[in-house]
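One file, entry_5.csv, is given below (CSV, C-alpha atoms).
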```csv
chain,number,residue,atom,x,y,z
A,1,MET,CA,-116.6,-308.9,-28.0
A,2,ALA,CA,-114.8,-305.7,-28.9
A,3,LYS,CA,-115.9,-302.1,-28.9
A,4,LEU,CA,-114.7,-299.0,-30.7
A,5,ARG,CA,-114.1,-295.9,-28.6
A,6,ILE,CA,-114.8,-292.7,-30.6
A,7,GLU,CA,-113.3,-289.4,-29.5
A,8,SER,CA,-114.4,-286.5,-31.7
A,9,ASP,CA,-114.8,-282.7,-31.1
A,10,GLY,CA,-114.2,-283.2,-27.3
A,11,MET,CA,-116.8,-285.9,-27.0
A,12,ARG,CA,-116.4,-289.6,-26.3
A,13,ARG,CA,-118.7,-292.5,-27.0
A,14,ASP,CA,-118.4,-296.3,-27.4
A,15,TYR,CA,-119.7,-298.4,-30.3
A,16,LEU,CA,-120.1,-302.2,-29.8
A,17,LEU,CA,-118.7,-304.1,-32.8
A,18,ARG,CA,-121.3,-306.7,-33.6
A,19,GLY,CA,-120.9,-307.3,-37.4
A,20,ASP,CA,-118.0,-308.4,-39.5
A,21,ARG,CA,-117.9,-305.1,-41.4
A,22,THR,CA,-118.3,-301.7,-39.7
A,23,ARG,CA,-118.5,-298.7,-42.1
A,24,ILE,CA,-117.2,-295.4,-40.7
A,25,GLY,CA,-117.6,-291.9,-42.1
A,26,SER,CA,-119.6,-288.7,-42.1
A,27,GLY,CA,-122.5,-290.1,-44.2
A,28,THR,CA,-125.8,-291.4,-42.8
A,29,GLY,CA,-125.3,-294.9,-44.4
A,30,ASN,CA,-122.5,-295.9,-42.1
A,31,GLU,CA,-122.8,-298.0,-39.0
A,32,VAL,CA,-120.7,-295.3,-37.3
A,33,GLN,CA,-121.5,-291.8,-38.4
A,34,ILE,CA,-119.2,-289.0,-37.2
A,35,ALA,CA,-119.9,-285.3,-37.6
A,36,ASP,CA,-116.3,-284.5,-38.6
A,37,PRO,CA,-115.7,-282.2,-41.6
A,38,GLY,CA,-112.4,-283.9,-42.2
A,39,LEU,CA,-114.1,-287.2,-43.0
A,40,ALA,CA,-115.3,-288.5,-46.3
A,41,GLU,CA,-118.9,-289.7,-46.6
A,42,ARG,CA,-117.5,-293.3,-46.5
A,43,HIS,CA,-114.0,-292.9,-44.9
A,44,MET,CA,-113.0,-296.4,-43.8
A,45,VAL,CA,-114.2,-299.9,-43.0
A,46,LEU,CA,-113.3,-302.0,-39.9
A,47,ILE,CA,-113.3,-305.6,-40.9
A,48,ARG,CA,-113.5,-308.6,-38.4
A,49,ARG,CA,-112.3,-312.1,-39.3
A,50,GLY,CA,-112.7,-314.3,-36.3
A,51,ALA,CA,-110.9,-312.6,-33.4
A,52,ASP,CA,-108.8,-310.4,-35.8
A,53,TYR,CA,-109.6,-306.9,-36.9
A,54,SER,CA,-108.2,-304.8,-39.8
A,55,ALA,CA,-108.8,-301.2,-40.9
A,56,LEU,CA,-109.2,-300.4,-44.6
A,57,ALA,CA,-109.3,-296.8,-45.8
A,58,ALA,CA,-111.6,-295.7,-48.7
A,59,LYS,CA,-110.0,-294.6,-51.9
A,60,GLY,CA,-108.3,-291.2,-51.3
A,61,ALA,CA,-109.1,-291.1,-47.6
A,62,GLU,CA,-106.3,-290.6,-45.0
A,63,LEU,CA,-105.9,-293.1,-42.2
A,64,ARG,CA,-103.3,-293.3,-39.5
A,65,VAL,CA,-102.7,-296.2,-37.1
A,66,ASN,CA,-100.7,-295.4,-34.1
A,67,GLY,CA,-99.4,-292.3,-35.9
A,68,GLU,CA,-98.3,-294.1,-39.1
A,69,ARG,CA,-100.1,-293.3,-42.3
A,70,VAL,CA,-101.6,-296.5,-43.9
A,71,THR,CA,-104.3,-297.6,-46.4
A,72,LYS,CA,-104.8,-301.0,-44.7
A,73,SER,CA,-103.6,-302.3,-41.3
A,74,ARG,CA,-104.2,-305.1,-38.8
A,75,ILE,CA,-105.7,-303.7,-35.6
A,76,THR,CA,-105.2,-305.0,-32.1
A,77,TYR,CA,-106.7,-304.0,-28.8
A,78,GLY,CA,-105.3,-300.6,-27.7
A,79,ASP,CA,-104.4,-299.4,-31.2
A,80,GLN,CA,-105.4,-295.9,-32.1
A,81,ILE,CA,-106.8,-294.9,-35.5
A,82,GLU,CA,-106.8,-291.3,-36.5
A,83,ILE,CA,-109.2,-290.1,-39.2
A,84,GLY,CA,-109.8,-286.3,-39.7
A,85,ASP,CA,-109.9,-284.8,-36.2
A,86,THR,CA,-111.3,-288.0,-34.8
A,87,VAL,CA,-109.5,-290.7,-32.8
A,88,LEU,CA,-110.8,-294.3,-32.7
A,89,GLU,CA,-109.5,-296.9,-30.3
A,90,LEU,CA,-110.2,-300.7,-30.4
A,91,LEU,CA,-111.0,-302.0,-26.9
A,92,GLU,CA,-112.0,-305.4,-25.5
A,93,GLU,CA,-115.4,-305.4,-24.0
A,94,SER,CA,-115.7,-307.1,-20.6
A,95,LEU,CA,-118.5,-309.5,-19.8
A,96,ILE,CA,-120.3,-307.1,-17.6
A,97,THR,CA,-120.4,-304.3,-20.2
A,98,SER,CA,-120.7,-306.4,-23.4
A,99,ARG,CA,-124.2,-307.6,-22.4
A,100,GLY,CA,-125.6,-304.3,-21.4
A,101,GLY,CA,-124.2,-303.9,-17.9
A,102,GLY,CA,-125.3,-304.9,-14.5
A,103,LEU,CA,-126.1,-308.2,-12.7
A,104,ASP,CA,-128.7,-309.3,-15.3
A,105,ALA,CA,-125.9,-309.5,-17.9
A,106,ILE,CA,-123.9,-311.9,-15.7
A,107,ALA,CA,-127.0,-313.9,-15.0
A,108,ASP,CA,-127.8,-314.2,-18.8
A,109,GLU,CA,-124.2,-315.2,-19.4
A,110,LEU,CA,-124.4,-317.9,-16.6
A,111,SER,CA,-127.6,-319.1,-18.1
A,112,ARG,CA,-126.0,-319.7,-21.5
A,113,GLU,CA,-123.1,-321.4,-19.8
A,114,LEU,CA,-125.4,-323.6,-17.8
A,115,GLY,CA,-127.3,-324.5,-21.0
A,116,ALA,CA,-124.1,-325.4,-22.8
A,117,ALA,CA,-122.8,-327.5,-19.9
A,118,GLY,CA,-126.1,-329.2,-19.5
A,119,ALA,CA,-126.1,-330.1,-23.2
A,120,LYS,CA,-122.7,-331.6,-22.9
A,121,PHE,CA,-123.8,-333.6,-19.8
A,122,GLY,CA,-127.0,-334.7,-21.5
A,123,GLY,CA,-125.1,-335.6,-24.7
A,124,GLY,CA,-122.7,-337.8,-22.6
A,125,ARG,CA,-125.7,-339.7,-21.2
A,126,ARG,CA,-127.2,-340.3,-24.6
A,127,ARG,CA,-123.9,-341.6,-25.9
A,128,ARG,CA,-123.6,-344.0,-23.0
A,129,ALA,CA,-127.2,-345.2,-23.7
A,130,ALA,CA,-126.2,-345.8,-27.3
A,131,GLY,CA,-123.7,-348.5,-26.3
A,132,ARG,CA,-120.7,-346.8,-24.8
A,133,ARG,CA,-121.1,-348.7,-21.5
A,134,GLY,CA,-117.4,-349.6,-21.4
A,135,ALA,CA,-116.4,-346.1,-20.4
A,136,SER,CA,-113.0,-345.7,-18.9
A,137,ARG,CA,-112.1,-344.2,-15.5
A,138,SER,CA,-111.1,-341.0,-17.3
A,139,SER,CA,-114.4,-340.8,-19.1
A,140,ARG,CA,-116.3,-341.2,-15.8
A,141,SER,CA,-114.1,-338.5,-14.3
A,142,LEU,CA,-114.8,-336.1,-17.2
A,143,MET,CA,-118.6,-336.7,-16.7
A,144,MET,CA,-118.4,-336.0,-13.0
A,145,THR,CA,-116.4,-332.8,-13.7
A,146,SER,CA,-119.0,-331.7,-16.2
A,147,GLY,CA,-121.7,-332.4,-13.7
A,148,ALA,CA,-119.9,-330.4,-11.0
A,149,ILE,CA,-119.5,-327.5,-13.4
A,150,ALA,CA,-123.2,-327.6,-14.2
A,151,VAL,CA,-124.1,-327.6,-10.5
A,152,ALA,CA,-121.8,-324.7,-9.8
A,153,LEU,CA,-123.1,-322.7,-12.7
A,154,ALA,CA,-126.7,-323.4,-11.5
A,155,LEU,CA,-125.9,-322.2,-8.0
A,156,GLY,CA,-124.2,-319.1,-9.4
A,157,PHE,CA,-127.1,-318.4,-11.7
A,158,ILE,CA,-129.6,-318.7,-8.8
A,159,ALA,CA,-127.5,-316.4,-6.6
A,160,VAL,CA,-127.2,-313.7,-9.3
A,161,ARG,CA,-130.9,-313.9,-10.3
A,162,PHE,CA,-131.7,-313.4,-6.6
A,163,ALA,CA,-129.4,-310.4,-6.4
A,164,ALA,CA,-131.0,-309.0,-9.5
A,165,SER,CA,-134.5,-309.6,-8.3
A,166,ASP,CA,-137.2,-306.9,-8.0
A,167,ALA,CA,-136.3,-306.4,-4.3
A,168,PHE,CA,-132.7,-305.6,-5.2
A,169,GLY,CA,-133.7,-303.6,-8.3
A,170,LYS,CA,-135.9,-301.3,-6.3
A,171,SER,CA,-132.9,-299.9,-4.4
A,172,ALA,CA,-132.3,-296.4,-5.6
A,173,GLY,CA,-128.6,-296.6,-4.7
A,174,ALA,CA,-128.1,-299.8,-6.7
A,175,LEU,CA,-130.0,-298.3,-9.7
A,176,LEU,CA,-127.8,-295.2,-9.5
A,177,GLN,CA,-124.6,-297.3,-9.5
A,178,LEU,CA,-126.0,-299.2,-12.5
A,179,ALA,CA,-126.8,-296.0,-14.3
A,180,GLU,CA,-123.3,-294.6,-13.6
A,181,THR,CA,-121.8,-297.8,-15.1
A,182,GLN,CA,-124.0,-297.5,-18.2
A,183,ALA,CA,-123.1,-293.8,-18.6
A,184,SER,CA,-119.4,-294.4,-18.3
A,185,HIS,CA,-119.6,-296.9,-21.1
A,186,GLY,CA,-121.5,-294.6,-23.4
A,187,ARG,CA,-124.9,-296.3,-23.1
A,188,LEU,CA,-126.7,-293.1,-22.3
A,189,GLU,CA,-130.3,-294.1,-23.3
A,190,GLN,CA,-130.1,-297.1,-21.0
A,191,ALA,CA,-128.6,-294.9,-18.2
A,192,LEU,CA,-131.4,-292.4,-18.5
A,193,ALA,CA,-134.1,-295.2,-18.3
A,194,THR,CA,-132.3,-296.6,-15.2
A,195,LEU,CA,-132.2,-293.1,-13.6
A,196,ARG,CA,-135.9,-292.7,-14.1
A,197,ALA,CA,-136.5,-296.0,-12.3
A,198,ALA,CA,-134.2,-294.8,-9.5
A,199,ARG,CA,-136.3,-291.6,-9.2
A,200,ASP,CA,-139.3,-293.8,-8.5
A,201,SER,CA,-137.5,-295.9,-5.9
A,202,ASP,CA,-137.8,-293.4,-2.9
A,203,PRO,CA,-134.2,-292.3,-2.8
A,204,ASP,CA,-132.8,-290.4,0.2
A,205,GLY,CA,-131.8,-286.8,-0.1
A,206,GLU,CA,-128.1,-287.4,-1.1
A,207,THR,CA,-129.0,-290.2,-3.5
A,208,LYS,CA,-131.7,-288.0,-5.1
A,209,ARG,CA,-129.3,-285.2,-5.6
A,210,ARG,CA,-126.8,-287.5,-7.3
A,211,ILE,CA,-129.6,-289.0,-9.5
A,212,GLU,CA,-130.6,-285.6,-10.6
A,213,ASN,CA,-127.1,-284.5,-11.3
A,214,LEU,CA,-126.3,-287.5,-13.4
A,215,CYS,CA,-129.6,-287.3,-15.2
A,216,SER,CA,-128.8,-283.7,-16.1
A,217,ARG,CA,-125.4,-284.6,-17.5
A,218,VAL,CA,-126.7,-287.5,-19.5
A,219,GLU,CA,-129.5,-285.5,-21.0
A,220,THR,CA,-127.0,-282.7,-21.9
A,221,THR,CA,-124.7,-285.2,-23.6
A,222,LEU,CA,-127.6,-286.8,-25.5
A,223,GLN,CA,-128.7,-283.4,-26.7
A,224,ARG,CA,-125.1,-282.6,-27.7
A,225,ARG,CA,-125.1,-285.7,-29.9
A,226,VAL,CA,-128.2,-284.4,-31.7
A,227,ASP,CA,-126.7,-280.9,-32.0
A,228,ASP,CA,-123.2,-282.0,-33.0
A,229,PRO,CA,-123.7,-281.6,-36.8
A,230,ALA,CA,-125.1,-278.1,-36.4
A,231,LEU,CA,-122.3,-277.2,-34.0
A,232,VAL,CA,-119.7,-278.4,-36.5
A,233,ASN,CA,-121.3,-276.2,-39.2
A,234,ALA,CA,-121.4,-273.3,-36.8
A,235,LYS,CA,-117.7,-273.6,-36.0
A,236,ASN,CA,-116.8,-273.9,-39.6
A,237,GLY,CA,-118.9,-270.8,-40.4
A,238,LEU,CA,-117.1,-268.9,-37.7
A,239,THR,CA,-113.7,-270.0,-39.0
A,240,SER,CA,-114.7,-268.9,-42.5
A,241,MET,CA,-115.6,-265.4,-41.2
A,242,GLU,CA,-112.4,-265.1,-39.2
A,243,GLU,CA,-110.4,-266.1,-42.4
A,244,PHE,CA,-112.4,-263.5,-44.3
A,245,VAL,CA,-111.5,-260.8,-41.8
A,246,GLY,CA,-107.8,-261.8,-42.1
A,247,ALA,CA,-107.9,-261.7,-45.9
A,248,TYR,CA,-110.0,-258.5,-46.5
A,249,LEU,CA,-110.3,-256.3,-43.4
A,250,VAL,CA,-107.1,-256.4,-41.4
A,251,ALA,CA,-105.4,-253.9,-43.7
A,252,ASP,CA,-108.5,-251.8,-44.2
A,253,PRO,CA,-111.2,-252.3,-41.5
A,254,ALA,CA,-113.5,-249.7,-43.1
A,255,ARG,CA,-113.6,-251.2,-46.6
A,256,ARG,CA,-117.3,-251.0,-47.3
A,257,PRO,CA,-117.8,-253.9,-49.7
A,258,ALA,CA,-116.0,-256.3,-47.4
A,259,CYS,CA,-117.8,-255.0,-44.3
A,260,ARG,CA,-121.1,-255.5,-46.0
A,261,GLU,CA,-120.3,-259.1,-47.0
A,262,LEU,CA,-119.1,-259.9,-43.5
A,263,VAL,CA,-122.1,-258.4,-41.8
A,264,ARG,CA,-124.5,-260.3,-44.0
A,265,ALA,CA,-122.7,-263.5,-43.2
A,266,ALA,CA,-122.7,-262.8,-39.5
A,267,GLU,CA,-126.4,-262.0,-39.4
A,268,ALA,CA,-127.2,-265.2,-41.3
A,269,TRP,CA,-125.0,-267.2,-38.9
A,270,LEU,CA,-126.9,-265.8,-35.9
A,271,VAL,CA,-130.2,-266.7,-37.4
A,272,ASP,CA,-129.1,-270.3,-38.2
A,273,TYR,CA,-127.0,-271.1,-35.1
A,274,ARG,CA,-127.6,-268.8,-32.2
A,275,ALA,CA,-130.3,-271.1,-30.6
A,276,VAL,CA,-128.2,-274.3,-30.7
A,277,CYS,CA,-124.9,-272.6,-29.7
A,278,ASP,CA,-126.6,-270.9,-26.7
A,279,ARG,CA,-127.0,-274.3,-25.1
A,280,TYR,CA,-123.2,-274.9,-24.6
A,281,GLU,CA,-120.3,-273.0,-23.2
A,282,ASP,CA,-118.2,-273.3,-26.3
A,283,GLY,CA,-121.2,-272.4,-28.4
A,284,ARG,CA,-121.7,-269.2,-26.4
A,285,GLU,CA,-118.1,-268.3,-27.1
A,286,HIS,CA,-118.9,-268.6,-30.8
A,287,ILE,CA,-121.9,-266.3,-30.4
A,288,GLY,CA,-119.7,-263.8,-28.6
A,289,LYS,CA,-117.1,-263.8,-31.4
A,290,VAL,CA,-119.7,-263.3,-34.2
A,291,GLN,CA,-121.4,-260.6,-32.2
A,292,ALA,CA,-118.1,-258.8,-31.8
A,293,MET,CA,-117.6,-258.9,-35.6
A,294,LEU,CA,-120.9,-257.3,-36.1
A,295,ASP,CA,-120.2,-254.6,-33.5
A,296,THR,CA,-116.8,-253.9,-35.2
A,297,TYR,CA,-117.7,-253.8,-38.9
A,298,ALA,CA,-121.4,-252.9,-39.1
A,299,PRO,CA,-120.8,-249.2,-38.8
A,300,ALA,CA,-118.7,-249.2,-42.0
A,301,ALA,CA,-121.1,-251.6,-43.8
A,302,PHE,CA,-124.1,-249.2,-44.3
A,303,ILE,CA,-126.1,-252.3,-44.6
A,304,ASP,CA,-129.4,-250.5,-45.1
A,305,GLU,CA,-128.2,-248.8,-48.2
A,306,ALA,CA,-128.6,-250.4,-51.7
A,307,ASP,CA,-125.6,-252.1,-53.3
A,308,VAL,CA,-123.4,-250.0,-55.6
A,309,ALA,CA,-121.2,-251.3,-58.4
A,310,GLU,CA,-118.2,-251.7,-56.1
A,311,ASP,CA,-120.3,-253.8,-53.7
A,312,VAL,CA,-121.5,-256.1,-56.5
A,313,GLU,CA,-118.0,-256.5,-57.9
A,314,PHE,CA,-116.6,-257.5,-54.5
A,315,GLN,CA,-119.5,-260.0,-53.8
A,316,ALA,CA,-119.1,-261.6,-57.2
A,317,GLN,CA,-115.4,-262.0,-56.9
A,318,HIS,CA,-115.7,-263.4,-53.4
A,319,LEU,CA,-118.3,-266.0,-54.4
A,320,THR,CA,-116.0,-267.4,-57.1
A,321,ARG,CA,-113.0,-267.7,-54.7
A,322,LEU,CA,-114.7,-270.1,-52.4
A,323,VAL,CA,-113.8,-273.8,-52.3
A,324,ARG,CA,-117.2,-274.6,-53.8
A,325,ARG,CA,-117.3,-271.7,-56.3
A,326,ARG,CA,-120.7,-270.2,-56.9
A,327,TYR,CA,-120.4,-268.8,-60.4
A,328,GLY,CA,-124.1,-268.9,-61.1
A,329,GLU,CA,-124.9,-266.7,-58.0
A,330,ALA,CA,-122.0,-264.3,-58.8
A,331,ILE,CA,-123.2,-263.8,-62.4
A,332,ALA,CA,-126.8,-263.5,-61.3
A,333,LEU,CA,-125.7,-260.6,-59.0
A,334,ILE,CA,-124.0,-258.8,-61.8
A,335,ASP,CA,-126.9,-259.3,-64.2
A,336,GLY,CA,-129.4,-258.1,-61.6
A,337,PHE,CA,-127.4,-254.9,-61.0
A,338,LEU,CA,-126.8,-254.2,-64.7
A,339,GLY,CA,-130.5,-254.7,-65.4
A,340,GLU,CA,-131.4,-252.0,-62.9
A,341,HIS,CA,-128.5,-249.7,-63.6
A,342,PRO,CA,-127.5,-250.2,-67.3
A,343,GLU,CA,-126.0,-246.7,-67.4
A,344,ASP,CA,-123.9,-246.9,-64.2
A,345,ALA,CA,-120.4,-245.4,-64.6
A,346,ARG,CA,-118.9,-248.8,-63.7
A,347,ALA,CA,-121.2,-250.9,-65.9
A,348,PRO,CA,-118.5,-251.6,-68.5
A,349,GLU,CA,-116.2,-253.0,-65.8
A,350,LEU,CA,-119.0,-255.2,-64.5
A,351,ARG,CA,-119.8,-256.5,-68.0
A,352,ALA,CA,-116.1,-257.3,-68.5
A,353,LEU,CA,-116.0,-259.1,-65.1
A,354,ARG,CA,-119.1,-261.1,-66.1
A,355,SER,CA,-117.4,-262.3,-69.3
A,356,THR,CA,-114.3,-263.3,-67.4
A,357,LEU,CA,-116.3,-265.2,-64.7
A,358,ALA,CA,-118.4,-267.0,-67.3
A,359,SER,CA,-115.3,-268.3,-69.1
A,360,GLU,CA,-113.7,-269.3,-65.8
A,361,GLY,CA,-116.9,-270.9,-64.6
A,362,ARG,CA,-117.4,-273.0,-67.7
A,363,TYR,CA,-113.9,-274.5,-67.2
A,364,TRP,CA,-114.4,-275.0,-63.5
A,365,VAL,CA,-117.8,-276.7,-63.9
A,366,ARG,CA,-116.4,-279.1,-66.4
A,367,ARG,CA,-113.6,-280.1,-64.0
A,368,ARG,CA,-116.2,-280.6,-61.2
A,369,LEU,CA,-118.3,-282.8,-63.5
A,370,GLU,CA,-115.1,-284.9,-64.1
A,371,HIS,CA,-114.8,-285.1,-60.3
A,372,ALA,CA,-118.4,-286.4,-60.0
A,373,GLN,CA,-117.6,-289.0,-62.6
A,374,ARG,CA,-114.6,-290.2,-60.5
A,375,LEU,CA,-116.8,-290.4,-57.4
A,376,LEU,CA,-119.2,-292.5,-59.4
A,377,GLU,CA,-116.4,-294.9,-60.4
A,378,THR,CA,-115.3,-295.3,-56.8
A,379,GLY,CA,-118.8,-296.2,-55.7
A,380,ASP,CA,-119.8,-293.0,-54.0
A,381,LEU,CA,-123.1,-292.6,-55.7
A,382,THR,CA,-124.5,-290.1,-53.2
A,383,GLY,CA,-121.5,-287.9,-53.5
A,384,ALA,CA,-121.7,-287.9,-57.3
A,385,ARG,CA,-125.4,-286.9,-57.3
A,386,ARG,CA,-124.8,-284.2,-54.6
A,387,GLU,CA,-121.9,-282.7,-56.7
A,388,VAL,CA,-124.1,-282.7,-59.9
A,389,GLU,CA,-127.0,-281.0,-58.1
A,390,PHE,CA,-124.8,-278.3,-56.8
A,391,LEU,CA,-123.3,-277.7,-60.2
A,392,ARG,CA,-126.7,-277.6,-61.8
A,393,ASP,CA,-127.6,-274.7,-59.6
A,394,GLN,CA,-124.5,-272.8,-60.7
A,395,ALA,CA,-124.8,-273.5,-64.4
A,396,LEU,CA,-125.6,-270.5,-66.6
A,397,PRO,CA,-128.4,-270.6,-69.2
A,398,GLU,CA,-125.8,-270.4,-72.0
A,399,TRP,CA,-124.2,-273.6,-70.7
A,400,ARG,CA,-127.4,-275.5,-70.3
A,401,GLU,CA,-127.2,-277.7,-73.4
A,402,TRP,CA,-123.8,-279.2,-72.9
A,403,PHE,CA,-124.2,-279.2,-69.1
A,404,ASP,CA,-127.4,-281.2,-69.1
A,405,GLU,CA,-126.0,-283.8,-71.4
A,406,ALA,CA,-122.9,-284.3,-69.2
A,407,ALA,CA,-124.8,-284.1,-65.9
A,408,ASP,CA,-127.6,-286.4,-66.9
A,409,GLY,CA,-125.0,-289.1,-67.8
A,410,VAL,CA,-123.6,-289.0,-64.2
A,411,VAL,CA,-127.1,-288.9,-62.6
A,412,SER,CA,-128.4,-291.8,-64.7
A,413,ALA,CA,-125.4,-294.0,-63.9
A,414,SER,CA,-125.6,-293.2,-60.2
A,415,ALA,CA,-129.3,-294.1,-60.2
A,416,GLY,CA,-128.6,-297.4,-61.9
```
As structure tokens, what does this structure read like?
Amino acid sequence: MAKLRIESDGMRRDYLLRGDRTRIGSGTGNEVQIADPGLAERHMVLIRRGADYSALAAKGAELRVNGERVTKSRITYGDQIEIGDTVLELLEESLITSRGGGLDAIADELSRELGAAGAKFGGGRRRRAAGRRGASRSSRSLMMTSGAIAVALALGFIAVRFAASDAFGKSAGALLQLAETQASHGRLEQALATLRAARDSDPDGETKRRIENLCSRVETTLQRRVDDPALVNAKNGLTSMEEFVGAYLVADPARRPACRELVRAAEAWLVDYRAVCDRYEDGREHIGKVQAMLDTYAPAAFIDEADVAEDVEFQAQHLTRLVRRRYGEAIALIDGFLGEHPEDARAPELRALRSTLASEGRYWVRRRLEHAQRLLETGDLTGARREVEFLRDQALPEWREWFDEAADGVVSASAG
């Protein structure tokens, strides 16, 4: 049996390939879900036919096998598949690890082999009873060989079961070795259960220290798996703020509108991600960088003061320069300010900006609806619905009639 080694964001884990099709991507519907922002919701499929494997990229997804960009490729043991920032490697699972690890796995395998050999031996006896009494010397030799194999397997089975008996299993040192093997092959939940049994097996001082050390590392790795999606979002948020500084504040660090936007983003980031990042060394580095931004730019932000027209103009323009442009939010900001300050000296400029953004937004939303339709045609129903719901939040009241008609068509088709 083969396994897939997954290395992503500095972490490594193994996945045992049991089925004929293994779907891989960032979405929850995959057999292998990877928190990698560079992956599509359904990025690729690993297909097994007998002992052969092949990798198939989803439409529009990038896939490299041993450094070569492909859409479909045969995969052999040792080949490396690159998707996003993740590296996959196809490995052959040994007998001891493919069955869960440890002596019980060998015993189970021997038991199956014994049953198969016994069936052959018994089948030979039934065939002889049915009239094949004229067996040749070679047939008798084969029968004797099958019998010898069955006896050898039986002896091996008994020996391994004895070694894996309760008396052996209660040895804290043996359980620790088993847990180390399980952990090294990515079976962390099994390793944790084995370590708990080892704790109850009266370990000596050094063994107890090793048990606690491994238990701590396994628990940390398991928690990291849970936290990975939030950590990826935290890193992406930090990167966005760093890019914002480069675009707007390097030339003029005291630019009030940009400082206010950055400080608001940094404060929101700390609320969302401080707790999870504080558990890990790299996460604490992220916290330090965000806090440094606050310390640098908060004095020029005057964040406790109300927005003025220049602040609103900057925020609106920034919202519509993002990858996922937020025209609805931008225009709502302008409308809110103009509602409270209709006679502001810069009100005419804000009204002109609103008109421009409304025109640009209408065109952009139409294009994104076309993108949602293409997602639907490629079978990505979840992606199509998610795109439509985002756009619905950004649609202006004056667009509602034509938007609802176009969006409802996509949603109805995806639901069907």
Inset, instruction - Have a look at CA of Glu41 (chain A) and CA of Tyr327 (chain A) and let me know their distance in Å, one decimal. - result: 25.1 Å
Inset, instruction - Just give me the gap between CA of Ala61 (chain A) and CA of Met44 (chain A) in Å, one decimal is fine. - result: 7.6 Å
Inset, instruction - Could you tell me how far CA of Ser54 (chain A) lies from CA of Ile24 (chain A), in Å and to one decimal? - result: 13.0 Å
Inset, instruction - Name the residues in contact with Gln80 (chain A) at a cut-off of 9 Å, using only C-alpha atoms, excluding same-chain residues fewer than 2 positions from it; report them as a PyMOL selection string. - result: chain A and resi 64-67+75+77-78+82+87-90
Select all residues near (-122.2, -273.9, -29.6) (cut-off 12 Å, inclusive, file coordinates), counting all atoms listed in the file, and output them as a PDB file with C-alpha atoms, in the coordinates of the input.
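Wrote point29.pdb, looks like this:
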```pdb
ATOM      1  CA  ASP A   9    -114.800-282.700 -31.100  1.00  0.00           C
ATOM      2  CA  GLN A 223    -128.700-283.400 -26.700  1.00  0.00           C
ATOM      3  CA  ARG A 224    -125.100-282.600 -27.700  1.00  0.00           C
ATOM      4  CA  ASP A 227    -126.700-280.900 -32.000  1.00  0.00           C
ATOM      5  CA  ASP A 228    -123.200-282.000 -33.000  1.00  0.00           C
ATOM      6  CA  PRO A 229    -123.700-281.600 -36.800  1.00  0.00           C
ATOM      7  CA  ALA A 230    -125.100-278.100 -36.400  1.00  0.00           C
ATOM      8  CA  LEU A 231    -122.300-277.200 -34.000  1.00  0.00           C
ATOM      9  CA  VAL A 232    -119.700-278.400 -36.500  1.00  0.00           C
ATOM     10  CA  ASN A 233    -121.300-276.200 -39.200  1.00  0.00           C
ATOM     11  CA  ALA A 234    -121.400-273.300 -36.800  1.00  0.00           C
ATOM     12  CA  LYS A 235    -117.700-273.600 -36.000  1.00  0.00           C
ATOM     13  CA  ASN A 236    -116.800-273.900 -39.600  1.00  0.00           C
ATOM     14  CA  GLY A 237    -118.900-270.800 -40.400  1.00  0.00           C
ATOM     15  CA  LEU A 238    -117.100-268.900 -37.700  1.00  0.00           C
ATOM     16  CA  TRP A 269    -125.000-267.200 -38.900  1.00  0.00           C
ATOM     17  CA  LEU A 270    -126.900-265.800 -35.900  1.00  0.00           C
ATOM     18  CA  ASP A 272    -129.100-270.300 -38.200  1.00  0.00           C
ATOM     19  CA  TYR A 273    -127.000-271.100 -35.100  1.00  0.00           C
ATOM     20  CA  ARG A 274    -127.600-268.800 -32.200  1.00  0.00           C
ATOM     21  CA  ALA A 275    -130.300-271.100 -30.600  1.00  0.00           C
ATOM     22  CA  VAL A 276    -128.200-274.300 -30.700  1.00  0.00           C
ATOM     23  CA  CYS A 277    -124.900-272.600 -29.700  1.00  0.00           C
ATOM     24  CA  ASP A 278    -126.600-270.900 -26.700  1.00  0.00           C
ATOM     25  CA  ARG A 279    -127.000-274.300 -25.100  1.00  0.00           C
ATOM     26  CA  TYR A 280    -123.200-274.900 -24.600  1.00  0.00           C
ATOM     27  CA  GLU A 281    -120.300-273.000 -23.200  1.00  0.00           C
ATOM     28  CA  ASP A 282    -118.200-273.300 -26.300  1.00  0.00           C
ATOM     29  CA  GLY A 283    -121.200-272.400 -28.400  1.00  0.00           C
ATOM     30  CA  ARG A 284    -121.700-269.200 -26.400  1.00  0.00           C
ATOM     31  CA  GLU A 285    -118.100-268.300 -27.100  1.00  0.00           C
ATOM     32  CA  HIS A 286    -118.900-268.600 -30.800  1.00  0.00           C
ATOM     33  CA  ILE A 287    -121.900-266.300 -30.400  1.00  0.00           C
ATOM     34  CA  GLY A 288    -119.700-263.800 -28.600  1.00  0.00           C
ATOM     35  CA  LYS A 289    -117.100-263.800 -31.400  1.00  0.00           C
ATOM     36  CA  VAL A 290    -119.700-263.300 -34.200  1.00  0.00           C
TER      37      VAL A 290
END
```
Inset, instruction - Pick out the residues sitting within 12 Å of Gln394 (chain A), and hand them over as a PyMOL selection string; count all atoms listed in the file, and ignore anything fewer than 2 positions along from it in its own chain. - result: chain A and resi 319-320+324-332+357-358+361-362+364-366+368+387-392+396-400+403
Inset, instruction - May I have the protein, DNA and RNA residues with an atom at most 9 Å from (-135.1, -289.4, -8.1), counting all atoms listed in the file in the file's coordinates, returned as a ChimeraX atom specification? - result: /A:172,195-204,207-212
Legend entry - Option closest in space to Ala55 (chain A), from A:Glu261, A:Asp20, A:Glu340, A:Glu370 [counting all atoms listed in the file]: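 Using all atoms listed in the file, the shortest distance to Ala55 (chain A) belongs to A:Asp20.
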